[in-house]
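Engineer: What follows is final-v3.pdb, made up of PDB, C-alpha atoms:
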MODEL        1
ATOM      1  CA  MET A   1      52.911  31.768   6.417
ATOM      2  CA  ALA A   2      56.059  33.837   6.142
ATOM      3  CA  GLN A   3      56.405  33.706   9.923
ATOM      4  CA  THR A   4      56.105  29.911   9.908
ATOM      5  CA  ALA A   5      58.739  29.642   7.208
ATOM      6  CA  SER A   6      61.151  31.872   9.119
ATOM      7  CA  LYS A   7      60.816  29.627  12.161
ATOM      8  CA  VAL A   8      61.881  26.480  10.298
ATOM      9  CA  MET A   9      64.970  25.194  12.085
ATOM     10  CA  ASN A  10      67.848  23.298  10.554
ATOM     11  CA  PRO A  11      68.690  19.841  12.024
ATOM     12  CA  GLN A  12      71.564  21.289  14.051
ATOM     13  CA  ASP A  13      69.278  23.893  15.637
ATOM     14  CA  VAL A  14      66.668  21.207  16.403
ATOM     15  CA  LYS A  15      69.317  19.046  18.079
ATOM     16  CA  GLU A  16      70.536  22.036  20.094
ATOM     17  CA  ALA A  17      67.009  22.943  21.141
ATOM     18  CA  LEU A  18      66.517  19.399  22.466
ATOM     19  CA  TYR A  19      69.827  19.478  24.326
ATOM     20  CA  LEU A  20      68.968  22.898  25.747
ATOM     21  CA  GLN A  21      65.606  21.634  26.961
ATOM     22  CA  ALA A  22      67.239  18.592  28.571
ATOM     23  CA  ALA A  23      69.935  20.783  30.159
ATOM     24  CA  ARG A  24      67.241  23.102  31.514
ATOM     25  CA  ASN A  25      65.678  20.045  33.152
ATOM     26  CA  GLY A  26      68.955  19.316  34.883
ATOM     27  CA  ASP A  27      70.555  16.858  32.454
ATOM     28  CA  ARG A  28      74.227  17.645  32.838
ATOM     29  CA  ARG A  29      75.314  15.396  29.968
ATOM     30  CA  SER A  30      73.225  17.368  27.500
ATOM     31  CA  PHE A  31      74.809  20.578  28.712
ATOM     32  CA  GLU A  32      78.271  19.039  28.377
ATOM     33  CA  ASP A  33      77.434  17.968  24.825
ATOM     34  CA  LEU A  34      76.503  21.565  24.016
ATOM     35  CA  VAL A  35      79.775  22.725  25.513
ATOM     36  CA  ARG A  36      81.727  20.172  23.487
ATOM     37  CA  SER A  37      80.151  21.232  20.223
ATOM     38  CA  HIS A  38      80.892  24.964  20.748
ATOM     39  CA  GLN A  39      83.968  25.167  22.962
ATOM     40  CA  ARG A  40      86.526  25.051  20.182
ATOM     41  CA  ARG A  41      85.156  28.065  18.336
ATOM     42  CA  ILE A  42      84.698  30.049  21.541
ATOM     43  CA  TYR A  43      88.199  29.187  22.749
ATOM     44  CA  ASN A  44      89.704  30.245  19.408
ATOM     45  CA  LEU A  45      87.691  33.452  19.336
ATOM     46  CA  ALA A  46      88.987  34.355  22.800
ATOM     47  CA  LEU A  47      92.515  33.318  21.877
ATOM     48  CA  ARG A  48      92.524  35.620  18.829
ATOM     49  CA  MET A  49      90.955  38.462  20.795
ATOM     50  CA  LEU A  50      93.259  38.230  23.800
ATOM     51  CA  GLY A  51      96.465  36.749  22.432
ATOM     52  CA  ASN A  52      97.155  34.374  25.300
ATOM     53  CA  ALA A  53      95.905  30.966  26.369
ATOM     54  CA  GLU A  54      95.394  31.801  30.042
ATOM     55  CA  ASP A  55      92.956  34.656  29.388
ATOM     56  CA  ALA A  56      91.260  32.630  26.642
ATOM     57  CA  GLU A  57      90.570  29.882  29.179
ATOM     58  CA  ASP A  58      89.027  32.420  31.573
ATOM     59  CA  VAL A  59      86.735  33.703  28.827
ATOM     60  CA  LEU A  60      85.811  30.142  27.836
ATOM     61  CA  GLN A  61      84.790  29.373  31.428
ATOM     62  CA  GLU A  62      82.925  32.654  31.923
ATOM     63  CA  THR A  63      81.025  32.214  28.657
ATOM     64  CA  PHE A  64      79.749  28.719  29.435
ATOM     65  CA  LEU A  65      79.033  29.607  33.049
ATOM     66  CA  ALA A  66      76.938  32.520  31.785
ATOM     67  CA  LEU A  67      75.037  30.119  29.540
ATOM     68  CA  TYR A  68      74.565  27.677  32.417
ATOM     69  CA  ARG A  69      73.225  30.425  34.678
ATOM     70  CA  SER A  70      70.855  31.747  32.040
ATOM     71  CA  LEU A  71      69.594  28.371  30.812
ATOM     72  CA  LYS A  72      66.243  29.021  32.435
ATOM     73  CA  TYR A  73      65.851  32.273  30.512
ATOM     74  CA  PHE A  74      67.431  31.207  27.224
ATOM     75  CA  ARG A  75      64.469  30.641  24.945
ATOM     76  CA  GLY A  76      66.309  30.532  21.650
ATOM     77  CA  ALA A  77      65.402  34.067  20.542
ATOM     78  CA  SER A  78      68.892  34.100  19.033
ATOM     79  CA  ARG A  79      70.844  31.074  17.881
ATOM     80  CA  LEU A  80      72.959  29.484  20.564
ATOM     81  CA  SER A  81      76.165  30.108  18.607
ATOM     82  CA  THR A  82      75.262  33.815  18.245
ATOM     83  CA  TYR A  83      74.575  34.044  21.992
ATOM     84  CA  LEU A  84      77.864  32.310  22.856
ATOM     85  CA  HIS A  85      79.930  34.404  20.452
ATOM     86  CA  ARG A  86      78.350  37.614  21.727
ATOM     87  CA  THR A  87      79.018  36.625  25.338
ATOM     88  CA  ALA A  88      82.611  35.655  24.543
ATOM     89  CA  VAL A  89      83.247  38.926  22.660
ATOM     90  CA  ASN A  90      81.853  40.910  25.605
ATOM     91  CA  PHE A  91      83.951  39.025  28.167
ATOM     92  CA  SER A  92      87.039  39.394  25.960
ATOM     93  CA  MET A  93      86.520  43.144  25.638
ATOM     94  CA  MET A  94      85.990  43.428  29.385
ATOM     95  CA  LYS A  95      89.242  41.557  29.945
ATOM     96  CA  LEU A  96      91.072  43.798  27.489
ATOM     97  CA  ARG A  97      89.817  46.880  29.312
ATOM     98  CA  GLN A  98      90.957  45.471  32.659
ATOM     99  CA  ARG A  99      94.289  44.522  31.170
ATOM    100  CA  ARG A 100      94.754  47.941  29.634
ATOM    101  CA  ARG A 101      94.123  49.581  32.967
ATOM    102  CA  ARG A 102      96.548  47.232  34.706
ATOM    103  CA  ARG A 103      99.321  47.069  32.179
ATOM    104  CA  GLU A 104      99.163  50.177  30.078
ATOM    105  CA  ALA A 105     102.894  50.239  29.439
ATOM    106  CA  GLN A 106     103.026  46.615  28.355
ATOM    107  CA  HIS A 107     100.120  47.148  25.985
ATOM    108  CA  VAL A 108     101.903  50.053  24.336
ATOM    109  CA  ALA A 109     105.021  47.932  23.939
ATOM    110  CA  LEU A 110     102.922  45.228  22.303
ATOM    111  CA  GLU A 111     101.426  47.732  19.897
ATOM    112  CA  GLN A 112     104.829  49.075  19.021
ATOM    113  CA  ALA A 113     106.054  45.555  18.311
ATOM    114  CA  ALA A 114     103.079  45.034  16.042
ATOM    115  CA  GLU A 115     103.743  48.302  14.248
ATOM    116  CA  SER A 116     107.233  47.297  13.240
ATOM    117  CA  PRO A 117     107.447  43.995  11.402
ATOM    118  CA  ASP A 118     110.858  42.441  11.170
ATOM    119  CA  PRO A 119     112.440  44.134   8.115
ATOM    120  CA  ARG A 120     114.753  41.171   7.583
ATOM    121  CA  ALA A 121     111.843  39.011   6.504
ATOM    122  CA  PHE A 122     110.670  39.938   3.047
ATOM    123  CA  SER A 123     108.260  37.148   2.315
ATOM    124  CA  LEU A 124     105.920  35.057   4.369
ATOM    125  CA  GLU A 125     107.054  32.015   2.441
ATOM    126  CA  GLY A 126     110.423  32.428   4.118
ATOM    127  CA  LEU A 127     108.891  31.935   7.537
ATOM    128  CA  ILE A 128     108.112  28.569   9.042
ATOM    129  CA  GLU A 129     104.473  27.880   9.892
ATOM    130  CA  SER A 130     104.717  28.663  13.615
ATOM    131  CA  GLU A 131     106.554  31.945  12.915
ATOM    132  CA  ARG A 132     103.962  32.927  10.336
ATOM    133  CA  ARG A 133     101.107  32.254  12.755
ATOM    134  CA  ALA A 134     102.895  34.124  15.536
ATOM    135  CA  LEU A 135     103.404  37.096  13.227
ATOM    136  CA  LEU A 136      99.760  37.142  12.117
ATOM    137  CA  ASN A 137      98.578  36.909  15.731
ATOM    138  CA  ARG A 138     100.965  39.659  16.811
ATOM    139  CA  LEU A 139      99.728  41.976  14.068
ATOM    140  CA  LEU A 140      96.142  41.188  15.012
ATOM    141  CA  MET A 141      96.874  42.199  18.603
ATOM    142  CA  GLY A 142      98.026  45.572  17.305
ATOM    143  CA  LEU A 143      94.502  46.444  16.157
ATOM    144  CA  GLY A 144      91.919  48.221  18.291
ATOM    145  CA  GLN A 145      89.362  46.009  20.068
ATOM    146  CA  GLY A 146      86.453  46.666  17.723
ATOM    147  CA  GLU A 147      88.493  46.213  14.555
ATOM    148  CA  ARG A 148      90.081  43.046  15.923
ATOM    149  CA  ALA A 149      86.713  41.569  16.863
ATOM    150  CA  ALA A 150      85.384  42.310  13.362
ATOM    151  CA  VAL A 151      88.363  40.636  11.665
ATOM    152  CA  VAL A 152      88.222  37.633  14.021
ATOM    153  CA  LEU A 153      84.494  37.083  13.482
ATOM    154  CA  SER A 154      84.416  37.703   9.748
ATOM    155  CA  ASP A 155      87.773  36.643   8.337
ATOM    156  CA  ILE A 156      88.987  34.053  10.834
ATOM    157  CA  GLU A 157      85.722  32.554  12.071
ATOM    158  CA  GLY A 158      84.025  32.972   8.681
ATOM    159  CA  ILE A 159      80.792  34.301  10.198
ATOM    160  CA  PRO A 160      78.587  36.204   7.710
ATOM    161  CA  ASN A 161      78.734  39.976   8.224
ATOM    162  CA  ALA A 162      75.041  40.294   9.151
ATOM    163  CA  GLU A 163      75.356  37.721  11.943
ATOM    164  CA  ALA A 164      78.702  39.132  13.073
ATOM    165  CA  SER A 165      77.120  42.592  13.401
ATOM    166  CA  ARG A 166      74.429  41.078  15.656
ATOM    167  CA  ILE A 167      77.124  39.378  17.744
ATOM    168  CA  MET A 168      78.864  42.722  18.203
ATOM    169  CA  ASN A 169      75.540  44.455  18.737
ATOM    170  CA  VAL A 170      76.236  47.107  16.107
ATOM    171  CA  SER A 171      74.548  47.993  12.823
ATOM    172  CA  LEU A 172      75.726  46.265   9.651
ATOM    173  CA  PRO A 173      77.316  49.466   8.216
ATOM    174  CA  ALA A 174      79.143  50.037  11.516
ATOM    175  CA  PHE A 175      80.382  46.459  11.476
ATOM    176  CA  LYS A 176      81.579  46.746   7.867
ATOM    177  CA  SER A 177      83.369  49.944   8.734
ATOM    178  CA  ARG A 178      85.257  48.230  11.587
ATOM    179  CA  LEU A 179      86.058  45.295   9.369
ATOM    180  CA  ARG A 180      87.425  47.608   6.685
ATOM    181  CA  ARG A 181      89.570  49.493   9.206
ATOM    182  CA  GLY A 182      90.810  46.216  10.675
ATOM    183  CA  ARG A 183      91.692  44.729   7.294
ATOM    184  CA  GLU A 184      93.369  47.958   6.242
ATOM    185  CA  GLY A 185      95.428  48.048   9.445
ATOM    186  CA  LEU A 186      96.595  44.485   8.895
ATOM    187  CA  ARG A 187      97.256  45.056   5.199
ATOM    188  CA  LYS A 188      99.494  48.027   5.949
ATOM    189  CA  ARG A 189     101.460  46.060   8.515
ATOM    190  CA  LEU A 190     101.735  43.042   6.249
ATOM    191  CA  LEU A 191     102.772  45.077   3.232
ATOM    192  CA  PRO A 192     106.520  44.418   3.653
ATOM    193  CA  TYR A 193     105.738  40.701   3.497
ATOM    194  CA  ILE A 194     103.078  40.482   0.819
ATOM    195  CA  ALA A 195     103.648  43.301  -1.671
ATOM    196  CA  LYS A 196     105.121  42.054  -4.909
ATOM    197  CA  PRO A 197     108.374  43.859  -5.765
TER     198      PRO A 197
ATOM    199  CA  MET B  30      87.575  56.511   2.074
ATOM    200  CA  ARG B  31      84.335  55.495   0.364
ATOM    201  CA  MET B  32      86.347  53.839  -2.391
ATOM    202  CA  LEU B  33      88.340  51.796   0.161
ATOM    203  CA  SER B  34      85.071  50.743   1.748
ATOM    204  CA  VAL B  35      83.678  49.614  -1.608
ATOM    205  CA  LEU B  36      86.848  47.639  -2.326
ATOM    206  CA  SER B  37      86.773  45.957   1.096
ATOM    207  CA  ASP B  38      83.101  45.022   0.597
ATOM    208  CA  HIS B  39      83.988  43.722  -2.845
ATOM    209  CA  LEU B  40      86.023  40.941  -1.211
ATOM    210  CA  ASP B  41      82.922  39.697   0.612
ATOM    211  CA  ARG B  42      80.633  39.742  -2.394
ATOM    212  CA  ARG B  43      79.788  36.587  -4.233
ATOM    213  CA  GLY B  44      78.343  36.213  -7.684
ATOM    214  CA  ARG B  45      78.472  38.637 -10.538
ATOM    215  CA  SER B  46      76.462  41.640  -9.502
ATOM    216  CA  ARG B  47      76.514  44.778 -11.620
ATOM    217  CA  LEU B  48      78.651  46.527  -8.970
ATOM    218  CA  CYS B  49      81.155  43.647  -8.957
ATOM    219  CA  ARG B  50      81.471  43.880 -12.721
ATOM    220  CA  ARG B  51      81.980  47.639 -12.530
ATOM    221  CA  ILE B  52      84.691  47.211  -9.880
ATOM    222  CA  GLU B  53      86.425  44.515 -11.922
ATOM    223  CA  GLU B  54      86.308  46.797 -14.957
ATOM    224  CA  HIS B  55      87.821  49.636 -12.926
ATOM    225  CA  LEU B  56      90.544  47.386 -11.546
ATOM    226  CA  LYS B  57      91.677  46.427 -15.026
ATOM    227  CA  GLY B  58      92.572  50.002 -15.793
ATOM    228  CA  CYS B  59      93.774  51.177 -12.355
ATOM    229  CA  PRO B  60      97.064  49.666 -11.099
ATOM    230  CA  GLU B  61      96.780  51.463  -7.737
ATOM    231  CA  CYS B  62      93.385  50.006  -6.894
ATOM    232  CA  ARG B  63      94.478  46.635  -8.266
ATOM    233  CA  MET B  64      97.495  46.653  -5.963
ATOM    234  CA  TYR B  65      95.274  47.662  -3.050
ATOM    235  CA  VAL B  66      92.699  44.916  -3.673
ATOM    236  CA  ASP B  67      95.402  42.341  -4.329
ATOM    237  CA  THR B  68      97.220  43.025  -1.044
ATOM    238  CA  LEU B  69      93.920  43.280   0.854
ATOM    239  CA  ARG B  70      92.817  39.946  -0.594
ATOM    240  CA  ARG B  71      96.132  38.341   0.355
ATOM    241  CA  THR B  72      95.753  39.708   3.888
ATOM    242  CA  VAL B  73      92.259  38.239   4.226
ATOM    243  CA  VAL B  74      93.384  34.906   2.758
ATOM    244  CA  LEU B  75      96.250  34.737   5.253
ATOM    245  CA  TYR B  76      93.892  35.283   8.187
ATOM    246  CA  ARG B  77      91.282  32.885   6.806
ATOM    247  CA  GLY B  78      93.978  30.233   6.711
ATOM    248  CA  LEU B  79      95.106  30.827  10.280
ATOM    249  CA  GLY B  80      93.336  27.646  11.378
ATOM    250  CA  GLU B  81      91.953  26.613  14.738
ATOM    251  CA  GLU B  82      93.714  25.614  17.913
ATOM    252  CA  THR B  83      92.425  22.536  19.708
ATOM    253  CA  VAL B  84      91.130  23.124  23.217
ATOM    254  CA  PRO B  85      93.780  21.499  25.435
ATOM    255  CA  ALA B  86      92.458  18.502  27.410
ATOM    256  CA  ALA B  87      93.374  20.146  30.728
ATOM    257  CA  VAL B  88      91.412  23.278  29.781
ATOM    258  CA  GLU B  89      88.365  21.165  28.918
ATOM    259  CA  GLN B  90      88.628  19.271  32.199
ATOM    260  CA  ARG B  91      88.812  22.502  34.189
ATOM    261  CA  LEU B  92      85.821  23.856  32.275
ATOM    262  CA  PHE B  93      83.674  20.822  33.137
ATOM    263  CA  LYS B  94      84.839  20.984  36.739
ATOM    264  CA  THR B  95      83.779  24.641  36.923
ATOM    265  CA  ILE B  96      80.365  23.780  35.484
ATOM    266  CA  ARG B  97      79.925  20.964  38.025
ATOM    267  CA  LEU B  98      80.803  23.363  40.853
ATOM    268  CA  ALA B  99      78.214  25.843  39.533
ATOM    269  CA  GLU B 100      75.697  23.005  39.397
ATOM    270  CA  MET B 101      76.441  22.045  43.006
ATOM    271  CA  ASP B 102      76.105  25.689  44.059
ATOM    272  CA  ARG B 103      72.748  25.927  42.334
ATOM    273  CA  GLU B 104      71.516  22.693  43.926
ATOM    274  CA  SER B 105      72.641  23.863  47.333
ATOM    275  CA  VAL B 106      70.890  27.254  46.916
ATOM    276  CA  GLU B 107      67.741  25.559  45.632
ATOM    277  CA  GLY B 108      67.890  23.095  48.537
ATOM    278  CA  GLN B 109      68.134  25.922  51.049
ATOM    279  CA  THR B 110      65.302  27.812  49.358
ATOM    280  CA  ARG B 111      63.081  24.720  49.473
ATOM    281  CA  LYS B 112      64.014  24.128  53.115
ATOM    282  CA  SER B 113      63.235  27.679  54.179
ATOM    283  CA  ALA B 114      59.963  27.695  52.222
ATOM    284  CA  LYS B 115      58.982  24.447  53.934
ATOM    285  CA  SER B 116      59.866  25.770  57.363
ATOM    286  CA  GLU B 117      57.797  28.903  56.715
ATOM    287  CA  MET B 118      54.790  26.797  55.776
ATOM    288  CA  GLN B 119      55.250  24.288  58.622
ATOM    289  CA  PRO B 120      56.588  25.931  61.748
ATOM    290  CA  ASN B 121      58.854  23.572  63.644
ATOM    291  CA  LYS B 122      57.616  21.720  66.680
ATOM    292  CA  THR B 123      59.864  23.521  69.175
ATOM    293  CA  ALA B 124      58.527  26.887  68.086
ATOM    294  CA  ALA B 125      54.977  25.574  68.266
ATOM    295  CA  LYS B 126      55.632  24.134  71.732
ATOM    296  CA  ARG B 127      57.195  27.427  72.832
ATOM    297  CA  ARG B 128      54.150  29.315  71.611
ATOM    298  CA  LYS B 129      51.925  26.810  73.366
ATOM    299  CA  THR B 130      53.893  27.284  76.583
ATOM    300  CA  CYS B 131      53.601  31.029  76.290
ATOM    301  CA  LEU B 132      49.916  30.747  75.702
ATOM    302  CA  SER B 133      49.482  28.559  78.744
ATOM    303  CA  LEU B 134      51.064  31.153  81.001
ATOM    304  CA  PRO B 135      48.630  33.061  83.096
TER     305      PRO B 135
ENDMDL
END
What would the structure in this file look like if it were written as structure tokens?
Structural biologist:
Amino acid sequence: MAQTASKVMNPQDVKEALYLQAARNGDRRSFEDLVRSHQRRIYNLALRMLGNAEDAEDVLQETFLALYRSLKYFRGASRLSTYLHRTAVNFSMMKLRQRRRRREAQHVALEQAAESPDPRAFSLEGLIESERRALLNRLLMGLGQGERAAVVLSDIEGIPNAEASRIMNVSLPAFKSRLRRGREGLRKRLLPYIAKP
Amino acid sequence: MRMLSVLSDHLDRRGRSRLCRRIEEHLKGCPECRMYVDTLRRTVVLYRGLGEETVPAAVEQRLFKTIRLAEMDRESVEGQTRKSAKSEMQPNKTAAKRRKTCLSLP
């Protein structure tokens, strides 16, 4: 009985299962519908992880190609969104490792920039929206990969911690620890902007 | 370190658990922890409000094009596999004729 109850799917999951089945049978439109309903979150995840649109596009393509190639084997053991997020996080981390190897010096410069917020700005309210977003993204890029992924999944994407830990393939305590380190890193860097005098 | 971890977790907790109440009680009397939680909360709120970028139309078009190319690749591979399986099951006439010719040699 308990097993039956745990297998009850919500309407969104049912719809996705039907689209997946149709896509498996070669219906391209169904696959494109699946892409349309998930691409925005995957693109944003990659954008936050990698910090530039070009790499985010690569990860977006690789993620959906991976899904397309594994359609035959994808039996819904995990939710589609969990599978896509996990794939996108893995591709993003792979890209970061490649980038680090290629452009070590540039990466260090980026980290240094993130370490030193502009001392002339004392409040975030004083910044225009685009500057504020650029600052937040820059500070995010200053975090380590694991911490950044935890903050992106939990605080930006709003994914519950238990699911986010499955996406990152780590235990819940390990995930929480990364999230805490990530938040703490950002808090320290944001302190000049957010601490009340 | 454990205290920082508890305070970070506190931000994710909903409802009024006994632990939440104990933390709130502690915060009332501890300006340092209050300052920490306040700035941590503001940090999380800032990132939660970062918003989503729209996928540019050109990016979406390129994505669908890539998927179509993968589909064509798969069809072509499947076509070749079917063709070679068929040819293994039904040897072509030239090969059969050649074999026949060979067999008819003295």
Engineer: Just say which residues the PyMOL selection byres ((chain A and resi 21-25) around 10) picks in this file, as a PyMOL selection string.
Structural biologist: chain A and resi 15-20+26-34+68-75
Engineer: Please write the residues picked by the ChimeraX specification (/B :<6) & /A on this file as a list in words.
Structural biologist: Arg40, Gln61, Asp155, Ile156, Arg180 and Arg187 of chain A
Engineer: Quick one: pull the distance between atom CA of Asn161 of chain A and atom CA of Gln145 of chain A, Å, one decimal.
Structural biologist: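 Interatomic distance, atom CA of Asn161 of chain A to atom CA of Gln145 of chain A: 17.0 Å.
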Engineer: At what distance in Å, to one decimal, does atom CA of Val35 of chain A lie from atom CA of Ala66 of chain A?
Structural biologist: 12.0 Å
Engineer: Rank A:Ala195, A:Leu65, A:Arg100, A:Asn10 by their smallest atom-to-atom distance to Ala88 of chain A, using all atoms listed in the file, and report the top residue only.
Structural biologist: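 Nearest to Ala88 of chain A: A:Leu65.
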Engineer: Using the chain letters and numbering of this document, enumerate as a list in words the residues selected by the PyMOL selection byres ((chain B and resi 52) around 12).
Structural biologist: Met32, Leu33, Val35, Leu36, Ser37, Asp38, His39, Leu40, Arg42, Arg45, Ser46, Arg47, Leu48, Cys49, Arg50, Arg51, Glu53, Glu54, His55, Leu56, Lys57, Gly58, Cys59, Cys62, Arg63 and Val66 of chain B
Engineer: Which of these, A:Leu190, A:Arg99, A:Ala149, A:Asn52, has the shortest distance to Ile167 of chain A once you count all atoms listed in the file?
Structural biologist: A:Ala149
Engineer: Find the residues around Ala164 of chain A up to 9 Å (all atoms listed in the file counted), leave out those fewer than 4 positions away in its own chain, and share them as a PDB file with C-alpha atoms, in the coordinates of the input.
Structural biologist:
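This is the output file selection.pdb:
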ATOM      1  CA  THR A  82      75.262  33.815  18.245  1.00  0.00           C
ATOM      2  CA  HIS A  85      79.930  34.404  20.452  1.00  0.00           C
ATOM      3  CA  ARG A  86      78.350  37.614  21.727  1.00  0.00           C
ATOM      4  CA  ALA A 150      85.384  42.310  13.362  1.00  0.00           C
ATOM      5  CA  LEU A 153      84.494  37.083  13.482  1.00  0.00           C
ATOM      6  CA  SER A 154      84.416  37.703   9.748  1.00  0.00           C
ATOM      7  CA  ILE A 159      80.792  34.301  10.198  1.00  0.00           C
ATOM      8  CA  PRO A 160      78.587  36.204   7.710  1.00  0.00           C
ATOM      9  CA  MET A 168      78.864  42.722  18.203  1.00  0.00           C
ATOM     10  CA  ASN A 169      75.540  44.455  18.737  1.00  0.00           C
ATOM     11  CA  VAL A 170      76.236  47.107  16.107  1.00  0.00           C
ATOM     12  CA  LEU A 172      75.726  46.265   9.651  1.00  0.00           C
ATOM     13  CA  PHE A 175      80.382  46.459  11.476  1.00  0.00           C
TER      14      PHE A 175
END
Engineer: For Arg148 of chain A, list every protein, DNA or RNA residue within 7 Å, evaluated using only C-alpha atoms, and leave out those in the same chain fewer than 6 positions away; present the list as a PyMOL selection string.
Structural biologist: chain A and resi 49+140+182
Engineer: How would the residues just picked look written out with C-alpha atoms as a compact mmCIF listing (two decimals), in the frame of the given file?
Structural biologist:
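Generated file (result_36.txt):
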# COMPACT_ATOMS: atom_id res chain seq x y z
CA MET A 49 90.96 38.46 20.80
CA LEU A 140 96.14 41.19 15.01
CA GLY A 182 90.81 46.22 10.68
